[in-house]
$ cat start38.cif   # mmCIF, C-alpha atoms and all ligand atoms
data_protein
loop_
_atom_site.label_atom_id
_atom_site.label_comp_id
_atom_site.auth_asym_id
_atom_site.auth_seq_id
_atom_site.Cartn_x
_atom_site.Cartn_y
_atom_site.Cartn_z
CA MET Y 1 -8.36 30.96 -5.82
CA ASN Y 2 -6.70 31.40 -2.45
CA LEU Y 3 -5.94 27.88 -1.21
CA VAL Y 4 -5.02 27.69 2.44
CA ILE Y 5 -4.08 24.40 4.08
CA ASP Y 6 -4.78 24.32 7.81
CA ARG Y 7 -1.49 22.69 8.71
CA GLU Y 8 -2.15 22.51 12.48
CA ARG Y 9 -5.50 20.83 11.96
CA LEU Y 10 -4.08 18.34 9.48
CA VAL Y 11 -1.19 17.42 11.77
CA SER Y 12 -3.44 17.12 14.82
CA GLU Y 13 -5.77 14.82 12.88
CA ILE Y 14 -2.82 12.64 11.85
CA GLU Y 15 -1.80 12.49 15.52
CA ALA Y 16 -5.35 11.66 16.63
CA LEU Y 17 -5.72 8.86 14.08
CA GLY Y 18 -2.35 7.51 15.23
CA GLN Y 19 -3.86 7.01 18.68
CA ILE Y 20 -6.28 4.44 17.26
CA SER Y 21 -4.01 1.43 17.32
CA GLU Y 22 -3.89 -2.16 18.48
CA ALA Y 23 -0.44 -1.41 19.92
CA GLU Y 24 0.57 1.16 22.50
CA PRO Y 25 0.96 4.56 20.70
CA PRO Y 26 3.16 5.88 19.16
CA VAL Y 27 3.35 2.39 17.64
CA VAL Y 28 0.58 2.01 15.10
CA THR Y 29 -0.82 -1.42 14.31
CA ARG Y 30 -4.13 -1.42 12.46
CA ILE Y 31 -4.82 -4.68 10.74
CA VAL Y 32 -7.79 -4.78 8.42
CA PHE Y 33 -11.17 -5.45 10.04
CA THR Y 34 -9.82 -5.45 13.60
CA ALA Y 35 -11.52 -3.22 16.16
CA ALA Y 36 -8.81 -0.57 15.64
CA ASP Y 37 -9.31 -0.55 11.87
CA LEU Y 38 -13.06 -0.23 12.26
CA ARG Y 39 -12.74 2.56 14.84
CA ALA Y 40 -10.28 4.41 12.59
CA ARG Y 41 -12.64 4.14 9.64
CA ALA Y 42 -15.56 5.44 11.71
CA TRP Y 43 -13.40 8.35 12.89
CA VAL Y 44 -12.44 9.37 9.33
CA ILE Y 45 -15.98 8.90 8.04
CA ALA Y 46 -17.31 11.26 10.75
CA LYS Y 47 -14.75 13.87 9.62
CA CYS Y 48 -15.85 13.45 6.00
CA LYS Y 49 -19.51 13.91 6.92
CA GLU Y 50 -18.69 17.09 8.86
CA VAL Y 51 -17.69 18.73 5.57
CA GLY Y 52 -20.72 17.48 3.71
CA LEU Y 53 -19.21 14.52 1.87
CA GLU Y 54 -21.59 11.72 1.00
CA VAL Y 55 -20.15 8.42 2.24
CA GLN Y 56 -20.66 4.98 0.76
CA GLN Y 57 -18.93 1.68 1.42
CA ASP Y 58 -18.73 -1.36 -0.81
CA ALA Y 59 -18.87 -5.02 0.16
CA VAL Y 60 -15.16 -5.24 0.96
CA GLY Y 61 -15.16 -1.97 2.91
CA ASN Y 62 -13.66 0.40 0.33
CA THR Y 63 -14.99 3.78 1.42
CA PHE Y 64 -15.97 6.57 -0.97
CA ALA Y 65 -16.61 10.07 0.40
CA ARG Y 66 -18.01 12.20 -2.38
CA TRP Y 67 -18.06 15.95 -2.78
CA LYS Y 68 -20.71 16.29 -5.42
CA GLY Y 69 -19.82 18.17 -8.56
CA SER Y 70 -22.18 20.35 -10.57
CA ASP Y 71 -22.23 17.82 -13.44
CA ALA Y 72 -23.68 14.63 -12.00
CA THR Y 73 -23.00 12.76 -15.26
CA ALA Y 74 -19.27 13.54 -15.42
CA ALA Y 75 -16.75 10.93 -14.25
CA ALA Y 76 -15.36 11.77 -10.82
CA VAL Y 77 -11.85 12.73 -9.76
CA GLY Y 78 -10.53 10.41 -7.05
CA THR Y 79 -7.94 10.85 -4.35
CA GLY Y 80 -7.09 8.97 -1.18
CA SER Y 81 -5.08 6.07 0.14
CA HIS Y 82 -5.29 3.61 3.05
CA ILE Y 83 -5.44 3.74 6.84
CA ASP Y 84 -4.59 0.13 7.67
CA ALA Y 85 -1.09 -0.30 9.07
CA ILE Y 86 1.25 -3.26 9.35
CA PRO Y 87 2.29 -4.43 12.83
CA ASN Y 88 4.67 -2.00 14.51
CA ALA Y 89 4.16 0.79 11.97
CA GLY Y 90 3.99 4.58 12.11
CA LYS Y 91 1.38 7.29 11.68
CA TYR Y 92 1.92 8.52 8.13
CA ASP Y 93 1.90 5.67 5.61
CA GLY Y 94 -1.43 5.95 3.78
CA VAL Y 95 -2.87 8.33 6.37
CA VAL Y 96 -1.22 11.37 4.76
CA GLY Y 97 -3.09 10.56 1.53
CA VAL Y 98 -6.45 10.17 3.28
CA LEU Y 99 -6.30 13.06 5.75
CA GLY Y 100 -4.27 15.19 3.31
CA GLY Y 101 -6.99 14.53 0.72
CA LEU Y 102 -9.67 15.55 3.19
CA GLN Y 103 -7.74 18.71 4.05
CA ALA Y 104 -7.35 19.48 0.34
CA ILE Y 105 -11.13 19.22 -0.07
CA ARG Y 106 -11.67 21.52 2.93
CA ALA Y 107 -9.24 24.06 1.46
CA LEU Y 108 -11.05 23.97 -1.89
CA GLN Y 109 -14.42 24.41 -0.17
CA GLN Y 110 -13.12 27.33 1.88
CA ALA Y 111 -11.65 28.95 -1.22
CA GLY Y 112 -15.14 28.89 -2.75
CA PHE Y 113 -14.24 26.37 -5.45
CA ARG Y 114 -17.20 24.54 -6.99
CA PRO Y 115 -16.16 21.33 -8.79
CA LYS Y 116 -17.78 20.38 -12.06
CA ARG Y 117 -16.76 16.76 -11.58
CA SER Y 118 -17.41 15.15 -8.23
CA VAL Y 119 -14.30 14.80 -6.09
CA GLU Y 120 -14.17 11.49 -4.28
CA LEU Y 121 -11.97 10.69 -1.30
CA LEU Y 122 -11.21 6.98 -1.08
CA ILE Y 123 -10.10 4.86 1.84
CA PHE Y 124 -9.00 1.59 0.29
CA THR Y 125 -9.40 -1.60 2.28
CA SER Y 126 -6.25 -3.45 3.29
CA GLU Y 127 -3.50 -1.91 1.24
CA GLU Y 128 -1.23 -3.89 3.52
CA PRO Y 129 -1.01 -7.64 2.98
CA THR Y 130 -0.77 -8.49 6.69
CA ARG Y 131 -4.03 -10.33 7.18
CA PHE Y 132 -4.94 -11.97 3.89
CA GLY Y 133 -1.52 -12.22 2.25
CA VAL Y 134 -2.17 -9.91 -0.71
CA GLY Y 135 -1.53 -6.19 -0.70
CA CYS Y 136 -4.02 -3.67 -2.10
CA LEU Y 137 -6.95 -5.99 -1.53
CA GLY Y 138 -9.58 -3.28 -1.96
CA SER Y 139 -8.04 -1.57 -4.99
CA ARG Y 140 -7.27 -4.93 -6.64
CA MET Y 141 -10.95 -5.77 -6.41
CA LEU Y 142 -12.13 -2.33 -7.52
CA CYS Y 143 -10.08 -2.68 -10.66
CA GLY Y 144 -10.86 -6.31 -11.40
CA THR Y 145 -7.29 -7.58 -10.86
CA LEU Y 146 -8.65 -9.80 -8.08
CA SER Y 147 -11.97 -11.45 -8.87
CA ALA Y 148 -14.73 -11.79 -6.30
CA GLY Y 149 -14.37 -15.58 -6.51
CA ASP Y 150 -10.64 -15.53 -5.76
CA ALA Y 151 -11.09 -12.93 -3.03
CA ALA Y 152 -13.73 -15.04 -1.30
CA LYS Y 153 -11.18 -17.87 -1.06
CA LEU Y 154 -8.64 -15.78 0.85
CA ARG Y 155 -8.10 -16.84 4.45
CA ASP Y 156 -6.24 -15.25 7.33
CA ALA Y 157 -3.77 -17.01 9.62
CA ASN Y 158 -6.65 -18.26 11.79
CA GLY Y 159 -8.27 -19.89 8.78
CA GLU Y 160 -11.11 -17.38 8.65
CA SER Y 161 -12.23 -16.42 5.18
CA LEU Y 162 -12.39 -12.86 3.88
CA GLU Y 163 -16.09 -13.55 3.37
CA GLU Y 164 -16.70 -14.33 7.07
CA VAL Y 165 -14.45 -11.60 8.38
CA ARG Y 166 -15.80 -8.77 6.24
CA ARG Y 167 -19.42 -9.69 7.00
CA ARG Y 168 -18.67 -9.81 10.72
CA ALA Y 169 -17.11 -6.34 10.36
CA GLY Y 170 -20.43 -5.13 8.97
CA PHE Y 171 -19.71 -5.10 5.23
CA GLU Y 172 -22.63 -6.71 3.47
CA GLY Y 173 -23.51 -7.10 -0.18
CA GLU Y 174 -21.89 -9.24 -2.84
CA LEU Y 175 -18.16 -9.07 -3.48
CA ARG Y 176 -18.78 -9.15 -7.21
CA GLY Y 177 -20.37 -5.71 -6.89
CA VAL Y 178 -17.04 -4.19 -5.82
CA ARG Y 179 -15.54 -3.89 -9.30
CA LEU Y 180 -15.75 -0.42 -10.82
CA ALA Y 181 -16.35 0.22 -14.48
CA THR Y 182 -13.53 1.69 -16.54
CA GLY Y 183 -14.51 5.33 -16.89
CA HIS Y 184 -15.78 5.62 -13.32
CA TYR Y 185 -12.86 7.95 -12.62
CA HIS Y 186 -11.73 10.72 -14.90
CA ALA Y 187 -8.49 10.83 -12.92
CA PHE Y 188 -6.99 9.62 -9.66
CA VAL Y 189 -4.20 11.20 -7.57
CA GLU Y 190 -2.66 9.71 -4.43
CA LEU Y 191 -0.59 11.70 -1.95
CA HIS Y 192 1.88 9.54 0.01
CA ILE Y 193 5.09 9.73 2.00
CA GLU Y 194 8.06 8.70 -0.12
CA GLN Y 195 9.11 5.74 2.05
CA GLY Y 196 12.64 6.27 0.76
CA PRO Y 197 15.40 8.84 1.36
CA LEU Y 198 15.74 10.67 -1.96
CA LEU Y 199 13.63 13.78 -1.39
CA GLU Y 200 15.22 14.39 1.98
CA ARG Y 201 18.72 13.82 0.59
CA GLU Y 202 18.13 16.14 -2.37
CA LYS Y 203 16.30 18.70 -0.17
CA ILE Y 204 13.39 18.74 -2.62
CA PRO Y 205 9.94 19.07 -1.05
CA LEU Y 206 7.89 17.07 -3.53
CA GLY Y 207 8.20 14.04 -5.77
CA ILE Y 208 6.07 13.40 -8.82
CA VAL Y 209 5.89 9.70 -9.52
CA GLU Y 210 6.32 8.60 -13.12
CA ARG Y 211 6.44 4.83 -12.66
CA ILE Y 212 5.30 2.45 -9.93
CA ALA Y 213 7.29 -0.74 -9.34
CA ALA Y 214 5.31 -3.92 -8.93
CA PRO Y 215 5.67 -6.90 -6.66
CA ALA Y 216 5.49 -10.61 -7.11
CA SER Y 217 4.98 -12.39 -3.83
CA ALA Y 218 4.85 -16.01 -2.78
CA ASN Y 219 4.84 -18.41 0.12
CA ILE Y 220 7.61 -20.98 -0.02
CA MET Y 221 7.00 -24.18 1.94
CA ILE Y 222 10.01 -26.35 2.70
CA GLU Y 223 9.54 -29.81 4.10
CA GLY Y 224 12.39 -31.95 5.40
CA ALA Y 225 12.55 -34.38 8.28
CA GLY Y 226 12.47 -33.55 11.98
CA GLY Y 227 13.89 -35.47 14.88
CA HIS Y 228 15.89 -35.33 18.08
CA ALA Y 229 18.66 -32.70 18.00
CA GLY Y 230 20.94 -35.05 19.89
CA GLY Y 231 19.89 -38.40 18.55
CA VAL Y 232 19.94 -37.75 14.81
CA LEU Y 233 23.54 -37.50 13.60
CA MET Y 234 24.62 -35.02 10.94
CA PRO Y 235 24.99 -37.37 7.95
CA GLY Y 236 21.65 -37.80 6.25
CA ARG Y 237 19.84 -34.98 8.04
CA ARG Y 238 17.11 -33.25 6.04
CA ASP Y 239 16.93 -30.02 8.02
CA ALA Y 240 14.28 -27.72 6.52
CA LEU Y 241 15.77 -24.61 8.11
CA CYS Y 242 19.23 -25.25 6.64
CA ALA Y 243 17.60 -25.53 3.22
CA ALA Y 244 15.67 -22.32 3.92
CA ALA Y 245 18.89 -20.54 4.93
CA GLU Y 246 20.51 -21.42 1.60
CA LEU Y 247 17.44 -20.32 -0.25
CA VAL Y 248 17.27 -16.95 1.55
CA LEU Y 249 20.82 -16.22 0.38
CA GLU Y 250 19.87 -17.28 -3.16
CA VAL Y 251 16.97 -14.81 -3.05
CA GLU Y 252 19.41 -12.06 -2.12
CA ARG Y 253 21.81 -13.13 -4.88
CA ALA Y 254 19.01 -13.21 -7.47
CA GLY Y 255 17.88 -9.72 -6.41
CA ARG Y 256 21.40 -8.38 -6.89
CA SER Y 257 22.10 -10.32 -10.08
CA THR Y 258 20.33 -7.94 -12.47
CA GLY Y 259 22.62 -5.05 -11.58
CA ALA Y 260 19.58 -2.75 -11.81
CA VAL Y 261 18.80 -0.44 -8.88
CA ASP Y 262 15.10 -1.14 -9.29
CA SER Y 263 15.44 -4.91 -8.65
CA VAL Y 264 14.79 -5.92 -5.03
CA ALA Y 265 14.14 -9.30 -3.44
CA THR Y 266 13.23 -9.92 0.18
CA VAL Y 267 12.39 -12.79 2.51
CA GLY Y 268 10.51 -11.15 5.38
CA ILE Y 269 8.99 -14.13 7.17
CA CYS Y 270 10.61 -17.37 8.28
CA GLU Y 271 8.34 -19.65 10.31
CA VAL Y 272 10.04 -22.73 11.69
CA PHE Y 273 8.19 -25.87 12.78
CA PRO Y 274 8.18 -27.21 15.44
CA GLY Y 275 10.36 -24.38 16.78
CA ALA Y 276 12.06 -26.12 19.69
CA VAL Y 277 15.75 -25.80 20.61
CA ASN Y 278 16.26 -29.56 20.68
CA SER Y 279 14.29 -30.48 17.59
CA ILE Y 280 15.49 -30.52 13.99
CA PRO Y 281 13.26 -28.19 11.93
CA SER Y 282 10.99 -30.32 9.80
CA ARG Y 283 9.05 -27.54 8.08
CA VAL Y 284 9.69 -23.90 7.20
CA ARG Y 285 7.53 -21.29 5.57
CA LEU Y 286 9.28 -18.36 3.91
CA SER Y 287 7.64 -15.32 2.41
CA LEU Y 288 9.05 -13.97 -0.84
CA ASP Y 289 8.68 -10.41 -2.17
CA VAL Y 290 10.38 -9.51 -5.46
CA ARG Y 291 9.88 -6.11 -7.11
CA ASP Y 292 11.00 -4.17 -10.11
CA THR Y 293 9.91 -1.43 -12.47
CA ASP Y 294 10.56 -3.82 -15.37
CA LEU Y 295 8.24 -6.81 -15.59
CA ALA Y 296 10.54 -9.10 -17.58
CA ARG Y 297 13.48 -8.41 -15.28
CA ARG Y 298 11.32 -9.03 -12.20
CA ASP Y 299 10.07 -12.30 -13.64
CA GLY Y 300 13.66 -13.20 -14.51
CA VAL Y 301 14.56 -12.89 -10.81
CA MET Y 302 11.57 -15.08 -9.91
CA GLY Y 303 12.82 -17.65 -12.43
CA GLU Y 304 16.29 -17.67 -10.86
CA ILE Y 305 14.79 -18.22 -7.43
CA ALA Y 306 12.72 -21.11 -8.79
CA ARG Y 307 15.84 -22.73 -10.25
CA ALA Y 308 17.73 -22.26 -6.99
CA SER Y 309 14.83 -23.87 -5.11
CA GLU Y 310 14.98 -26.94 -7.33
CA ALA Y 311 18.73 -27.28 -6.88
CA ILE Y 312 18.55 -26.89 -3.09
CA ALA Y 313 15.65 -29.34 -2.84
CA GLN Y 314 17.65 -31.92 -4.73
CA LYS Y 315 20.89 -31.36 -2.87
CA ARG Y 316 19.26 -31.47 0.57
CA ALA Y 317 16.56 -34.05 -0.16
CA VAL Y 318 13.78 -31.75 0.98
CA SER Y 319 10.65 -30.69 -0.86
CA ILE Y 320 10.22 -27.03 -1.74
CA ARG Y 321 6.81 -25.85 -2.90
CA THR Y 322 6.14 -22.29 -4.03
CA GLU Y 323 2.67 -20.82 -3.88
CA LEU Y 324 2.52 -17.65 -5.96
CA LEU Y 325 0.24 -15.06 -4.35
CA ASN Y 326 0.49 -12.30 -6.92
CA ALA Y 327 2.70 -11.18 -9.79
CA ASP Y 328 1.62 -7.71 -10.81
CA ALA Y 329 2.79 -5.61 -13.70
CA PRO Y 330 4.42 -2.21 -12.99
CA ALA Y 331 2.51 0.89 -14.08
CA ASP Y 332 3.28 4.21 -15.70
CA CYS Y 333 1.59 7.23 -14.22
CA ALA Y 334 -0.59 9.07 -16.74
CA ARG Y 335 1.24 11.86 -18.57
CA GLU Y 336 -1.65 14.30 -18.10
CA ILE Y 337 -1.70 13.76 -14.33
CA VAL Y 338 2.08 14.08 -14.07
CA GLN Y 339 1.71 17.32 -16.04
CA ALA Y 340 -1.12 18.60 -13.83
CA LEU Y 341 0.94 17.91 -10.70
CA ALA Y 342 3.99 19.62 -12.20
CA ASP Y 343 1.89 22.67 -13.18
CA SER Y 344 0.54 22.87 -9.62
CA CYS Y 345 4.06 22.71 -8.18
CA ARG Y 346 5.20 25.48 -10.51
CA LYS Y 347 2.17 27.62 -9.68
CA HIS Y 348 3.11 27.45 -5.99
CA LYS Y 349 6.82 27.87 -6.77
CA LEU Y 350 7.70 24.48 -5.34
CA SER Y 351 10.44 22.35 -6.82
CA TYR Y 352 9.83 18.66 -7.45
CA LEU Y 353 11.72 15.53 -8.37
CA PRO Y 354 10.44 13.08 -11.01
CA MET Y 355 10.48 9.73 -9.23
CA VAL Y 356 9.87 6.01 -9.29
CA SER Y 357 7.68 4.56 -6.55
CA ARG Y 358 9.47 1.51 -5.22
CA ALA Y 359 6.72 0.74 -2.74
CA TYR Y 360 3.46 -0.40 -4.26
CA HIS Y 361 0.31 1.57 -3.70
CA ASP Y 362 -3.38 1.41 -4.43
CA SER Y 363 -2.56 3.69 -7.37
CA LEU Y 364 -0.82 0.75 -9.06
CA PHE Y 365 -4.23 -0.89 -9.43
CA VAL Y 366 -6.34 2.22 -9.98
CA SER Y 367 -4.02 2.97 -12.91
CA ARG Y 368 -5.56 -0.06 -14.67
CA ILE Y 369 -8.92 1.75 -14.91
CA ALA Y 370 -8.14 5.47 -14.77
CA PRO Y 371 -5.39 7.98 -15.57
CA THR Y 372 -3.46 7.97 -12.29
CA GLY Y 373 -0.67 9.93 -10.64
CA MET Y 374 1.12 10.07 -7.30
CA LEU Y 375 2.65 12.88 -5.30
CA PHE Y 376 5.34 12.11 -2.72
CA ILE Y 377 6.47 14.13 0.27
CA PRO Y 378 9.73 13.49 2.15
CA CYS Y 379 9.85 11.36 5.28
CA LEU Y 380 12.61 11.42 7.85
CA HIS Y 381 15.61 9.28 6.78
CA GLY Y 382 13.23 7.53 4.38
CA TYR Y 383 11.92 5.49 7.32
CA SER Y 384 8.57 3.79 6.89
CA HIS Y 385 6.82 0.69 8.25
CA ARG Y 386 8.33 1.49 11.65
CA PRO Y 387 7.09 3.54 14.60
CA ASP Y 388 9.58 6.38 14.09
CA GLU Y 389 8.24 7.10 10.60
CA TYR Y 390 7.90 10.89 10.44
CA ALA Y 391 6.89 13.58 7.97
CA ALA Y 392 7.31 17.26 8.86
CA PRO Y 393 4.18 19.45 9.11
CA ASP Y 394 5.39 21.83 6.38
CA ASP Y 395 6.03 18.96 4.00
CA ILE Y 396 2.60 17.45 4.67
CA ALA Y 397 0.94 20.83 4.16
CA ARG Y 398 2.82 21.41 0.88
CA GLY Y 399 1.67 18.02 -0.34
CA ALA Y 400 -1.95 18.79 0.54
CA LEU Y 401 -1.68 22.19 -1.17
CA VAL Y 402 -0.38 20.77 -4.45
CA LEU Y 403 -2.97 18.00 -4.23
CA ALA Y 404 -5.76 20.57 -3.77
CA GLU Y 405 -4.53 22.62 -6.73
CA THR Y 406 -4.35 19.50 -8.88
CA LEU Y 407 -7.80 18.25 -7.87
CA ALA Y 408 -9.22 21.65 -8.75
CA LYS Y 409 -7.65 21.48 -12.19
CA LEU Y 410 -8.83 17.94 -12.85
CA ALA Y 411 -12.36 18.52 -11.50
CA SER Y 412 -13.01 21.78 -13.42
C1 LIG Y 501 3.33 -1.30 0.60
O1 LIG Y 501 3.12 -1.10 1.79
C2 LIG Y 501 4.50 -1.96 0.13
O2 LIG Y 501 4.90 -2.97 0.74
O3 LIG Y 501 5.08 -1.45 -0.85
MN MN Y 502 2.72 0.41 3.90
MN MN Y 503 1.06 3.10 1.93
#
$ encode --input "start38.cif" --output "structure tokens"
Amino acid sequence: MNLVIDRERLVSEIEALGQISEAEPPVVTRIVFTAADLRARAWVIAKCKEVGLEVQQDAVGNTFARWKGSDATAAAVGTGSHIDAIPNAGKYDGVVGVLGGLQAIRALQQAGFRPKRSVELLIFTSEEPTRFGVGCLGSRMLCGTLSAGDAAKLRDANGESLEEVRRRAGFEGELRGVRLATGHYHAFVELHIEQGPLLEREKIPLGIVERIAAPASANIMIEGAGGHAGGVLMPGRRDALCAAAELVLEVERAGRSTGAVDSVATVGICEVFPGAVNSIPSRVRLSLDVRDTDLARRDGVMGEIARASEAIAQKRAVSIRTELLNADAPADCAREIVQALADSCRKHKLSYLPMVSRAYHDSLFVSRIAPTGMLFIPCLHGYSHRPDEYAAPDDIARGALVLAETLAKLAS
């Protein structure tokens, strides 16, 4: 089989999708169910239909574009990723997996390959947690990690429920119908930019992921006492932001305390109320994101942060309440998929690095119901979640080539 990836087409499609943004391009902001997200979905769906894929969407907007295999009863082989983007993001995160997957299917079609198993390209809804606070919303629901009942309760910052928002975006049907049966997929492979610097540093074109780190995330609400910045003297103040500042440093300390490279802990949001220069902060909301490849170690860090919260609350006479949003278990990629990816690399004489994924991905959840693997390509300086995120055309094309080869193997 002579697989040829149309690199120029793939890159120009990535550029074109990058133009569909709530922010001024090259900045990409595409929050789930906004006009930009819906336009981007429609754009990709039209491309899928051009090559004869049959498109279906579920009640939460997960999109399945199926290239029918000759054996209609055989479990499908899935690939894909997400096209939503956090505020002030770049063009490649998720998109390389979706448009690279589409290009892989085109290359297989042009090479005359006929799959036995159907090959399904997925666009997962809301991999990013921006709107509803949990990442991988669509894949969590597909795999039953998030129940329909709990999903329906999710609200965005404007207080609108997922239920209202998704129906307004045109996604009907019952959320409980989103869950897929174990066995729906024979295998799943996600192509993604690395979002870290290792491949570039090692000058290795591809990474085969062996383990995916998992996040625990929470909102931390701190309540103290406000008042006049001049009138209230320092003794006896209960400044919520000062308590938050101590806690942020404790989060950093807890993240470092394990000594393991895979342990990371981040506070990415600090909202201060009332937010006036001459008013003592009475309330603060912090976000917490703690990740590791080892579940017990990750939960140990969460435990340390909880203990630090209690101590700070007592010392500063404030209340600190933690609302856990998710605490997921890390996943191993399936040995047979890792092997299939490695064989494909070898066949095309491409070197690869066995890797850990430190970002989470929809694959983390798909791995609960199907043998799953991930293929990484380098990105410039490891930058991601910023507008200057960049992956070189040759690297993207190599990723799509190895993906195509692997899909062919898995779908035969
Ligand atoms: C996914 O975008 C992550 O935060 O790892
Ligand atoms: Mn991302
Ligand atoms: Mn991503």
$ closest_residue --input "start38.cif" --among "Y:Arg7, Y:Arg298, Y:Arg335, Y:Lys91" --to "Pro26 of chain Y" --atoms "all atoms listed in the file"
Y:Lys91
$ residues_near_point --input "start38.cif" --point "(7.6, 6.3, 3.8)" --cutoff "12 Å" --atoms "all atoms listed in the file" --output "PyMOL selection string"
chain Y and resi 89-97+191-200+357-361+376-391
$ closest_atom_pairs --input "start38.cif" --of "segment 274-387 of chain Y" --to "segment 59-75 of chain Y" --cutoff "12 Å" --atoms "only C-alpha atoms" --output "Markdown table"
| residue | atom | partner | partner_atom | distance |
| --- | --- | --- | --- | --- |
| Y:Asp362 | CA | Y:Asn62 | CA | 11.4 |
| Y:Ala370 | CA | Y:Ala75 | CA | 10.2 |
| Y:Pro371 | CA | Y:Ala75 | CA | 11.8 |
$ atom_distance --input "start38.cif" --atom1 "atom CA of Glu190 of chain Y" --atom2 "atom CA of Val51 of chain Y"
20.2 Å
$ residues_around --input "start38.cif" --residues "Arg166 of chain Y" --least-positions-apart "6" --cutoff "12 Å" --atoms "only C-alpha atoms" --output "PDB file with C-alpha atoms, in the frame of the given file"
ATOM      1  CA  VAL Y  32      -7.790  -4.780   8.420  1.00  0.00           C
ATOM      2  CA  PHE Y  33     -11.170  -5.450  10.040  1.00  0.00           C
ATOM      3  CA  THR Y  34      -9.820  -5.450  13.600  1.00  0.00           C
ATOM      4  CA  ASP Y  37      -9.310  -0.550  11.870  1.00  0.00           C
ATOM      5  CA  LEU Y  38     -13.060  -0.230  12.260  1.00  0.00           C
ATOM      6  CA  GLN Y  57     -18.930   1.680   1.420  1.00  0.00           C
ATOM      7  CA  ASP Y  58     -18.730  -1.360  -0.810  1.00  0.00           C
ATOM      8  CA  ALA Y  59     -18.870  -5.020   0.160  1.00  0.00           C
ATOM      9  CA  VAL Y  60     -15.160  -5.240   0.960  1.00  0.00           C
ATOM     10  CA  GLY Y  61     -15.160  -1.970   2.910  1.00  0.00           C
ATOM     11  CA  ASN Y  62     -13.660   0.400   0.330  1.00  0.00           C
ATOM     12  CA  THR Y 125      -9.400  -1.600   2.280  1.00  0.00           C
ATOM     13  CA  SER Y 126      -6.250  -3.450   3.290  1.00  0.00           C
ATOM     14  CA  ARG Y 131      -4.030 -10.330   7.180  1.00  0.00           C
ATOM     15  CA  PHE Y 132      -4.940 -11.970   3.890  1.00  0.00           C
ATOM     16  CA  GLY Y 138      -9.580  -3.280  -1.960  1.00  0.00           C
ATOM     17  CA  ALA Y 151     -11.090 -12.930  -3.030  1.00  0.00           C
ATOM     18  CA  ALA Y 152     -13.730 -15.040  -1.300  1.00  0.00           C
ATOM     19  CA  LEU Y 154      -8.640 -15.780   0.850  1.00  0.00           C
ATOM     20  CA  ARG Y 155      -8.100 -16.840   4.450  1.00  0.00           C
ATOM     21  CA  ASP Y 156      -6.240 -15.250   7.330  1.00  0.00           C
ATOM     22  CA  GLU Y 160     -11.110 -17.380   8.650  1.00  0.00           C
ATOM     23  CA  GLU Y 172     -22.630  -6.710   3.470  1.00  0.00           C
ATOM     24  CA  GLY Y 173     -23.510  -7.100  -0.180  1.00  0.00           C
ATOM     25  CA  GLU Y 174     -21.890  -9.240  -2.840  1.00  0.00           C
ATOM     26  CA  LEU Y 175     -18.160  -9.070  -3.480  1.00  0.00           C
TER      27      LEU Y 175
END
$ residues_around --input "start38.cif" --residues "Val261 of chain Y" --least-positions-apart "3" --cutoff "12 Å" --atoms "only C-alpha atoms" --output "VMD selection string"
chain Y and resid 213 255 to 258 264 to 265 291 to 294 297 to 298 356 358
$ closest_residue --input "start38.cif" --among "Y:Ala225, Y:Ala42, Y:Val55, Y:Leu162" --to "Pro274 of chain Y" --atoms "all atoms listed in the file"
Y:Ala225
$ atom_distance --input "start38.cif" --atom1 "atom O1 of ligand LIG 501 (chain Y)" --atom2 "atom CA of Glu8 of chain Y"
26.4 Å
$ closest_residue --input "start38.cif" --among "Y:Leu353, Y:Val251, Y:Val134, Y:Leu142" --to "Ala327 of chain Y" --atoms "all atoms listed in the file"
Y:Val134
$ closest_residue --input "start38.cif" --among "Y:Gly100, Y:Gly268, Y:Pro354, Y:Gly159" --to "Asp395 of chain Y" --atoms "only C-alpha atoms"
Y:Gly100
$ atom_distance --input "start38.cif" --atom1 "atom CA of Leu403 of chain Y" --atom2 "atom CA of Cys345 of chain Y"
9.3 Å
$ residues_around --input "start38.cif" --residues "segment 329-332 of chain Y" --least-positions-apart "6" --cutoff "6 Å" --atoms "only C-alpha atoms" --output "ChimeraX atom specification"
/Y:210-214,293,295
$ write_last_selection --input "start38.cif" --atoms "C-alpha atoms" --output "short mmCIF file (atom, residue, chain, number, x, y, z; two decimals), in the coordinates of the input"
data_model
loop_
_atom_site.label_atom_id
_atom_site.label_comp_id
_atom_site.auth_asym_id
_atom_site.auth_seq_id
_atom_site.Cartn_x
_atom_site.Cartn_y
_atom_site.Cartn_z
CA GLU Y 210 6.32 8.60 -13.12
CA ARG Y 211 6.44 4.83 -12.66
CA ILE Y 212 5.30 2.45 -9.93
CA ALA Y 213 7.29 -0.74 -9.34
CA ALA Y 214 5.31 -3.92 -8.93
CA THR Y 293 9.91 -1.43 -12.47
CA LEU Y 295 8.24 -6.81 -15.59
#
$ closest_residue --input "start38.cif" --among "Y:Pro87, Y:Gly399, Y:Pro25, Y:Gly80" --to "ligand MN 502 (chain Y)" --atoms "all atoms listed in the file"
Y:Pro87
$ closest_residue --input "start38.cif" --among "Y:Ala111, Y:Leu341, Y:Ile269, Y:Leu146" --to "Leu325 of chain Y" --atoms "all atoms listed in the file"
Y:Leu146
$ axis_aligned_box --input "start38.cif" --around "segment 293-299 of chain Y" --padding-each-side "6 Å" --output "AutoDock Vina command-line options"
--center_x 10.9 --center_y -6.9 --center_z -14.9 --size_x 17.2 --size_y 22.9 --size_z 17.4
$ residues_around --input "start38.cif" --residues "Arg398 of chain Y" --least-positions-apart "6" --cutoff "9 Å" --atoms "all atoms listed in the file" --output "tab-separated table (two decimals) with C-alpha atoms, in the frame of the given file"
chain	number	residue	atom	x	y	z
Y	5	ILE	CA	-4.08	24.40	4.08
Y	205	PRO	CA	9.94	19.07	-1.05
Y	206	LEU	CA	7.89	17.07	-3.53
Y	350	LEU	CA	7.70	24.48	-5.34
Y	377	ILE	CA	6.47	14.13	0.27
